[in-house]
$ cat entry.pdb   # PDB, C-alpha atoms and all ligand atoms
ATOM      1  CA  MET A   1      -6.958  11.434  -7.398  1.00  0.00           C
ATOM      2  CA  LYS A   2      -6.100   7.783  -7.974  1.00  0.00           C
ATOM      3  CA  ILE A   3      -4.394   6.145  -5.009  1.00  0.00           C
ATOM      4  CA  TYR A   4      -2.540   2.830  -5.138  1.00  0.00           C
ATOM      5  CA  PHE A   5      -2.424   1.159  -1.721  1.00  0.00           C
ATOM      6  CA  ALA A   6       0.108  -1.653  -1.323  1.00  0.00           C
ATOM      7  CA  GLY A   7       0.011  -4.115   1.575  1.00  0.00           C
ATOM      8  CA  SER A   8       1.106  -7.655   2.212  1.00  0.00           C
ATOM      9  CA  ILE A   9      -0.941 -10.525   0.830  1.00  0.00           C
ATOM     10  CA  ARG A  10       1.208 -13.649   0.563  1.00  0.00           C
ATOM     11  CA  GLY A  11       3.771 -12.049   2.889  1.00  0.00           C
ATOM     12  CA  GLY A  12       1.161 -12.492   5.650  1.00  0.00           C
ATOM     13  CA  ARG A  13      -2.265 -11.092   6.461  1.00  0.00           C
ATOM     14  CA  GLU A  14      -1.678 -10.098  10.101  1.00  0.00           C
ATOM     15  CA  ASP A  15      -2.403  -6.433   9.319  1.00  0.00           C
ATOM     16  CA  ALA A  16      -5.423  -6.927   7.032  1.00  0.00           C
ATOM     17  CA  ALA A  17      -7.774  -5.108   9.441  1.00  0.00           C
ATOM     18  CA  LEU A  18      -5.365  -2.173   9.575  1.00  0.00           C
ATOM     19  CA  TYR A  19      -5.182  -2.062   5.756  1.00  0.00           C
ATOM     20  CA  GLU A  20      -8.976  -1.962   5.665  1.00  0.00           C
ATOM     21  CA  GLU A  21      -8.998   1.049   8.006  1.00  0.00           C
ATOM     22  CA  LEU A  22      -6.320   2.884   6.048  1.00  0.00           C
ATOM     23  CA  ILE A  23      -8.037   2.190   2.722  1.00  0.00           C
ATOM     24  CA  GLY A  24     -11.330   3.503   4.108  1.00  0.00           C
ATOM     25  CA  TYR A  25      -9.592   6.691   5.152  1.00  0.00           C
ATOM     26  CA  LEU A  26      -7.754   6.999   1.824  1.00  0.00           C
ATOM     27  CA  GLY A  27     -11.131   6.770   0.108  1.00  0.00           C
ATOM     28  CA  THR A  28     -11.927  10.236   1.472  1.00  0.00           C
ATOM     29  CA  PHE A  29      -9.027  11.637  -0.581  1.00  0.00           C
ATOM     30  CA  GLY A  30      -9.729   9.930  -3.885  1.00  0.00           C
ATOM     31  CA  HIS A  31     -10.277   6.592  -5.572  1.00  0.00           C
ATOM     32  CA  VAL A  32      -8.319   3.686  -4.100  1.00  0.00           C
ATOM     33  CA  LEU A  33      -7.465   1.390  -7.005  1.00  0.00           C
ATOM     34  CA  THR A  34      -6.509  -1.553  -4.785  1.00  0.00           C
ATOM     35  CA  GLU A  35      -9.385  -1.770  -2.289  1.00  0.00           C
ATOM     36  CA  HIS A  36      -9.150  -5.588  -2.206  1.00  0.00           C
ATOM     37  CA  ILE A  37      -5.909  -5.397  -0.163  1.00  0.00           C
ATOM     38  CA  GLY A  38      -8.060  -4.629   2.878  1.00  0.00           C
ATOM     39  CA  ASN A  39     -10.399  -7.556   2.288  1.00  0.00           C
ATOM     40  CA  ARG A  40     -10.062  -9.559   5.507  1.00  0.00           C
ATOM     41  CA  ILE A  41     -11.506 -12.671   3.898  1.00  0.00           C
ATOM     42  CA  LEU A  42      -8.626 -12.757   1.430  1.00  0.00           C
ATOM     43  CA  SER A  43      -6.003 -15.140   2.790  1.00  0.00           C
ATOM     44  CA  GLY A  44      -2.329 -15.284   1.934  1.00  0.00           C
ATOM     45  CA  HIS A  45      -2.838 -18.608   0.175  1.00  0.00           C
ATOM     46  CA  GLY A  46      -4.444 -20.001  -2.890  1.00  0.00           C
ATOM     47  CA  GLU A  47      -5.579 -16.947  -4.822  1.00  0.00           C
ATOM     48  CA  THR A  48      -5.786 -18.689  -8.166  1.00  0.00           C
ATOM     49  CA  VAL A  49      -8.529 -16.582  -9.723  1.00  0.00           C
ATOM     50  CA  PRO A  50      -7.391 -14.345 -11.266  1.00  0.00           C
ATOM     51  CA  ASP A  51      -4.133 -16.100 -12.095  1.00  0.00           C
ATOM     52  CA  ASP A  52      -0.789 -14.630 -11.088  1.00  0.00           C
ATOM     53  CA  ARG A  53       0.007 -13.222 -14.551  1.00  0.00           C
ATOM     54  CA  SER A  54      -3.322 -11.371 -14.660  1.00  0.00           C
ATOM     55  CA  ILE A  55      -2.770  -9.999 -11.135  1.00  0.00           C
ATOM     56  CA  TYR A  56       0.723  -8.800 -12.095  1.00  0.00           C
ATOM     57  CA  GLU A  57      -0.403  -7.108 -15.312  1.00  0.00           C
ATOM     58  CA  ARG A  58      -3.478  -5.504 -13.731  1.00  0.00           C
ATOM     59  CA  ASP A  59      -1.527  -4.183 -10.742  1.00  0.00           C
ATOM     60  CA  LEU A  60       1.252  -2.773 -12.928  1.00  0.00           C
ATOM     61  CA  HIS A  61      -1.383  -1.040 -15.047  1.00  0.00           C
ATOM     62  CA  TRP A  62      -2.969   0.477 -11.904  1.00  0.00           C
ATOM     63  CA  LEU A  63       0.449   1.522 -10.632  1.00  0.00           C
ATOM     64  CA  GLU A  64       1.079   3.395 -13.881  1.00  0.00           C
ATOM     65  CA  ALA A  65      -2.287   5.126 -13.537  1.00  0.00           C
ATOM     66  CA  ALA A  66      -1.821   6.121  -9.887  1.00  0.00           C
ATOM     67  CA  ASP A  67      -1.216   9.689  -8.726  1.00  0.00           C
ATOM     68  CA  ALA A  68       0.096   8.563  -5.345  1.00  0.00           C
ATOM     69  CA  VAL A  69       1.312   5.261  -3.897  1.00  0.00           C
ATOM     70  CA  ILE A  70       0.883   4.373  -0.229  1.00  0.00           C
ATOM     71  CA  ALA A  71       2.684   1.259   1.001  1.00  0.00           C
ATOM     72  CA  GLU A  72       2.145  -0.221   4.466  1.00  0.00           C
ATOM     73  CA  VAL A  73       5.462  -1.983   5.003  1.00  0.00           C
ATOM     74  CA  SER A  74       5.290  -3.334   8.565  1.00  0.00           C
ATOM     75  CA  THR A  75       4.722  -6.878   7.292  1.00  0.00           C
ATOM     76  CA  PRO A  76       7.585  -7.702   4.912  1.00  0.00           C
ATOM     77  CA  SER A  77       6.270  -8.598   1.451  1.00  0.00           C
ATOM     78  CA  LEU A  78       8.131  -9.296  -1.780  1.00  0.00           C
ATOM     79  CA  GLY A  79       5.184  -7.967  -3.759  1.00  0.00           C
ATOM     80  CA  VAL A  80       5.028  -4.675  -1.851  1.00  0.00           C
ATOM     81  CA  GLY A  81       8.795  -4.200  -2.192  1.00  0.00           C
ATOM     82  CA  TYR A  82       8.537  -4.829  -5.926  1.00  0.00           C
ATOM     83  CA  GLU A  83       5.671  -2.353  -6.230  1.00  0.00           C
ATOM     84  CA  ILE A  84       7.624   0.319  -4.358  1.00  0.00           C
ATOM     85  CA  ALA A  85      10.592  -0.131  -6.707  1.00  0.00           C
ATOM     86  CA  CYS A  86       8.327   0.073  -9.765  1.00  0.00           C
ATOM     87  CA  ALA A  87       6.629   3.183  -8.384  1.00  0.00           C
ATOM     88  CA  VAL A  88      10.007   4.854  -7.846  1.00  0.00           C
ATOM     89  CA  HIS A  89      11.030   4.101 -11.440  1.00  0.00           C
ATOM     90  CA  LEU A  90       7.685   5.433 -12.652  1.00  0.00           C
ATOM     91  CA  LYS A  91       8.447   8.666 -10.705  1.00  0.00           C
ATOM     92  CA  LYS A  92       5.366   8.316  -8.530  1.00  0.00           C
ATOM     93  CA  ARG A  93       5.021   9.962  -5.130  1.00  0.00           C
ATOM     94  CA  VAL A  94       5.476   7.135  -2.624  1.00  0.00           C
ATOM     95  CA  LEU A  95       4.746   7.083   1.110  1.00  0.00           C
ATOM     96  CA  CYS A  96       5.893   4.044   3.087  1.00  0.00           C
ATOM     97  CA  LEU A  97       4.220   3.634   6.480  1.00  0.00           C
ATOM     98  CA  TYR A  98       5.992   1.502   9.060  1.00  0.00           C
ATOM     99  CA  SER A  99       4.947   0.605  12.581  1.00  0.00           C
ATOM    100  CA  PRO A 100       8.194  -0.069  14.534  1.00  0.00           C
ATOM    101  CA  GLY A 101       8.627  -2.765  17.134  1.00  0.00           C
ATOM    102  CA  LYS A 102       5.874  -5.002  15.805  1.00  0.00           C
ATOM    103  CA  ARG A 103       7.922  -7.596  13.964  1.00  0.00           C
ATOM    104  CA  LYS A 104      10.955  -7.305  11.713  1.00  0.00           C
ATOM    105  CA  ARG A 105      13.016  -4.171  11.133  1.00  0.00           C
ATOM    106  CA  LEU A 106      12.276  -2.404   7.883  1.00  0.00           C
ATOM    107  CA  SER A 107      14.538  -3.392   4.989  1.00  0.00           C
ATOM    108  CA  ALA A 108      17.398  -0.966   4.368  1.00  0.00           C
ATOM    109  CA  MET A 109      16.354  -1.003   0.694  1.00  0.00           C
ATOM    110  CA  ILE A 110      13.191   0.844   1.721  1.00  0.00           C
ATOM    111  CA  ALA A 111      14.404   2.721   4.798  1.00  0.00           C
ATOM    112  CA  GLY A 112      17.463   3.937   2.889  1.00  0.00           C
ATOM    113  CA  CYS A 113      15.692   4.890  -0.331  1.00  0.00           C
ATOM    114  CA  GLY A 114      15.774   8.651  -0.745  1.00  0.00           C
ATOM    115  CA  GLU A 115      13.117   8.602  -3.448  1.00  0.00           C
ATOM    116  CA  VAL A 116      10.324   7.529  -1.119  1.00  0.00           C
ATOM    117  CA  THR A 117       8.907   9.229   1.954  1.00  0.00           C
ATOM    118  CA  ASN A 118       9.378   6.918   4.932  1.00  0.00           C
ATOM    119  CA  ALA A 119       7.266   7.541   8.013  1.00  0.00           C
ATOM    120  CA  GLU A 120       6.859   5.634  11.280  1.00  0.00           C
ATOM    121  CA  TYR A 121       3.619   5.524  13.232  1.00  0.00           C
ATOM    122  CA  ARG A 122       2.486   4.051  16.543  1.00  0.00           C
ATOM    123  CA  SER A 123      -1.283   4.331  16.288  1.00  0.00           C
ATOM    124  CA  LEU A 124      -3.960   4.320  13.636  1.00  0.00           C
ATOM    125  CA  GLN A 125      -4.602   7.993  14.320  1.00  0.00           C
ATOM    126  CA  GLU A 126      -0.933   8.794  13.750  1.00  0.00           C
ATOM    127  CA  ALA A 127      -0.995   6.864  10.467  1.00  0.00           C
ATOM    128  CA  LYS A 128      -4.030   8.857   9.339  1.00  0.00           C
ATOM    129  CA  THR A 129      -2.319  12.127  10.230  1.00  0.00           C
ATOM    130  CA  LEU A 130       0.691  11.086   8.139  1.00  0.00           C
ATOM    131  CA  LEU A 131      -1.572  10.200   5.214  1.00  0.00           C
ATOM    132  CA  ALA A 132      -3.369  13.537   5.408  1.00  0.00           C
ATOM    133  CA  SER A 133      -0.073  15.386   5.500  1.00  0.00           C
ATOM    134  CA  PHE A 134       1.306  13.429   2.517  1.00  0.00           C
ATOM    135  CA  LEU A 135      -1.820  13.812   0.404  1.00  0.00           C
ATOM    136  CA  GLY A 136      -2.118  17.483   1.328  1.00  0.00           C
ATOM    137  CA  ASP A 137      -5.259  19.367   0.507  1.00  0.00           C
ATOM    138  CA  LYS A 138      -6.466  16.861  -2.078  1.00  0.00           C
ATOM    139  CA  LYS A 139      -9.171  15.463   0.212  1.00  0.00           C
ATOM    140  CA  GLN A 140     -12.523  15.199  -1.584  1.00  0.00           C
ATOM    141  CA  GLY A 141     -15.272  17.434  -0.273  1.00  0.00           C
ATOM    142  CA  GLY A 142     -12.998  19.926   1.478  1.00  0.00           C
ATOM    143  CA  THR A 143     -12.180  19.248   5.132  1.00  0.00           C
TER     144      THR A 143
HETATM  145  C1  LIG A 201      -7.946 -11.825  -5.264  1.00  0.00           C
HETATM  146  C2  LIG A 201      -8.747 -10.987  -4.523  1.00  0.00           C
HETATM  147  C3  LIG A 201      -7.929 -10.166  -3.897  1.00  0.00           C
HETATM  148  O1  LIG A 201      -6.615 -10.469  -4.233  1.00  0.00           O
HETATM  149  C4  LIG A 201      -6.652 -11.497  -5.066  1.00  0.00           C
HETATM  150  C5  LIG A 201      -5.497 -12.137  -5.680  1.00  0.00           C
HETATM  151  N1  LIG A 201      -4.169 -11.638  -5.278  1.00  0.00           N
HETATM  152  C6  LIG A 201      -3.751 -10.398  -5.559  1.00  0.00           C
HETATM  153  N2  LIG A 201      -4.594  -9.479  -6.113  1.00  0.00           N
HETATM  154  C7  LIG A 201      -4.149  -8.223  -6.288  1.00  0.00           C
HETATM  155  N3  LIG A 201      -2.918  -7.767  -5.973  1.00  0.00           N
HETATM  156  C8  LIG A 201      -2.073  -8.652  -5.457  1.00  0.00           C
HETATM  157  C9  LIG A 201      -2.432 -10.004  -5.236  1.00  0.00           C
HETATM  158  N4  LIG A 201      -1.384 -10.647  -4.725  1.00  0.00           N
HETATM  159  C10 LIG A 201      -0.392  -9.719  -4.603  1.00  0.00           C
HETATM  160  N5  LIG A 201      -0.804  -8.516  -5.039  1.00  0.00           N
HETATM  161  C11 LIG A 201      -0.055  -7.241  -5.020  1.00  0.00           C
HETATM  162  O2  LIG A 201       1.178  -7.477  -4.420  1.00  0.00           O
HETATM  163  C12 LIG A 201      -0.794  -6.213  -4.194  1.00  0.00           C
HETATM  164  O3  LIG A 201      -0.867  -4.982  -4.872  1.00  0.00           O
HETATM  165  C13 LIG A 201       0.003  -6.083  -2.893  1.00  0.00           C
HETATM  166  O4  LIG A 201       0.351  -4.724  -2.623  1.00  0.00           O
HETATM  167  C14 LIG A 201       1.256  -6.929  -3.104  1.00  0.00           C
HETATM  168  C15 LIG A 201       1.345  -8.039  -2.092  1.00  0.00           C
HETATM  169  O5  LIG A 201       2.403  -8.903  -2.419  1.00  0.00           O
HETATM  170  P1  LIG A 201       2.641 -10.300  -1.645  1.00  0.00           P
HETATM  171  O6  LIG A 201       3.999 -10.728  -2.100  1.00  0.00           O
HETATM  172  O7  LIG A 201       2.580 -10.013  -0.163  1.00  0.00           O
HETATM  173  O8  LIG A 201       1.528 -11.211  -2.090  1.00  0.00           O
END

$ encode --input "entry.pdb" --output "structure tokens"
Amino acid sequence: MKIYFAGSIRGGREDAALYEELIGYLGTFGHVLTEHIGNRILSGHGETVPDDRSIYERDLHWLEAADAVIAEVSTPSLGVGYEIACAVHLKKRVLCLYSPGKRKRLSAMIAGCGEVTNAEYRSLQEAKTLLASFLGDKKQGGT
């Protein structure tokens, strides 16, 4: 299974360590196309290589190839919102994970979208349980 993980980059990197944890866990279900989102060294500034056009085209290509899309939406990000909208139009299965109370309220354009699964979590363990439930029995290697 190909999994597209979306998380904030230029929207802010406060949750980069969390993304890394979630991506590691997602890797037990299939191939995560966007592993770099969890790279804690990656800052929200100055990613000039590859250039923005190449990033856009590569990510859209990966989105088209994905079997499931997981978006961590606690840090508001234009890019993540755009990816969620594209995924919906591509008829992908989309799970949006939101940790309430941290910062801003989730946009109504995500919270109110009936074509995505919205789920709130309060701990890393709860987020993992939600991921396992969404991805069902597709975990690699059985358990
Ligand atoms: C180099 C190494 C790692 O990342 C880079 C360059 N930047 C990006 N690379 C890949 N995907 C990106 C990059 N910048 C944004 N995105 C996509 O938009 C990701 O798939 C994220 O889910 C989303 C983040 O959007 P912003 O608006 O927070 O940047």

$ resolve_selection --input "entry.pdb" --expression "the PyMOL selection byres (((chain A and resi 29-44) around 7) and not hetatm)" --output "number ranges by chain"
A: 1-5, 7, 9-13, 16-17, 19-20, 23, 26-28, 45, 62, 138-140

$ closest_residue --input "entry.pdb" --among "A:Ser54, A:Ser133, A:Ser8, A:Thr75" --to "Arg103 in chain A" --atoms "all atoms listed in the file"
A:Thr75

$ residues_around --input "entry.pdb" --residues "Ala85 in chain A" --least-positions-apart "6" --cutoff "10 Å" --atoms "all atoms listed in the file" --output "compact mmCIF listing (two decimals) with C-alpha atoms, in the coordinates of the input"
# COMPACT_ATOMS: atom_id res chain seq x y z
CA GLY A 79 5.18 -7.97 -3.76
CA LYS A 91 8.45 8.67 -10.70
CA VAL A 94 5.48 7.14 -2.62
CA MET A 109 16.35 -1.00 0.69
CA ILE A 110 13.19 0.84 1.72
CA CYS A 113 15.69 4.89 -0.33
CA GLU A 115 13.12 8.60 -3.45
CA VAL A 116 10.32 7.53 -1.12

$ atom_distance --input "entry.pdb" --atom1 "CA of Leu124 in chain A" --atom2 "CA of Leu95 in chain A"
15.5 Å

$ closest_residue --input "entry.pdb" --among "A:Leu106, A:Cys96, A:Ala119, A:Val80" --to "Asp59 in chain A" --atoms "all atoms listed in the file"
A:Val80

$ axis_aligned_box --input "entry.pdb" --around "ligand LIG 201 (chain A)" --padding-each-side "4 Å" --output "AutoDock Vina command-line options"
--center_x -2.4 --center_y -8.4 --center_z -3.2 --size_x 20.7 --size_y 15.4 --size_z 14.1

$ closest_residue --input "entry.pdb" --among "A:Glu64, A:Gly101, A:Gly112, A:Ile70" --to "ligand LIG 201 (chain A)" --atoms "only C-alpha atoms and all ligand atoms"
A:Ile70

$ atom_distance --input "entry.pdb" --atom1 "CA of Ser107 in chain A" --atom2 "CA of Pro50 in chain A"
29.4 Å

$ residues_near_point --input "entry.pdb" --point "(2.1, 12.2, -10.7)" --cutoff "8 Å" --atoms "all atoms listed in the file" --output "PDB file with C-alpha atoms, in the frame of the given file"
ATOM      1  CA  ALA A  66      -1.821   6.121  -9.887  1.00  0.00           C
ATOM      2  CA  ASP A  67      -1.216   9.689  -8.726  1.00  0.00           C
ATOM      3  CA  ALA A  68       0.096   8.563  -5.345  1.00  0.00           C
ATOM      4  CA  LYS A  91       8.447   8.666 -10.705  1.00  0.00           C
ATOM      5  CA  LYS A  92       5.366   8.316  -8.530  1.00  0.00           C
ATOM      6  CA  ARG A  93       5.021   9.962  -5.130  1.00  0.00           C
TER       7      ARG A  93
END
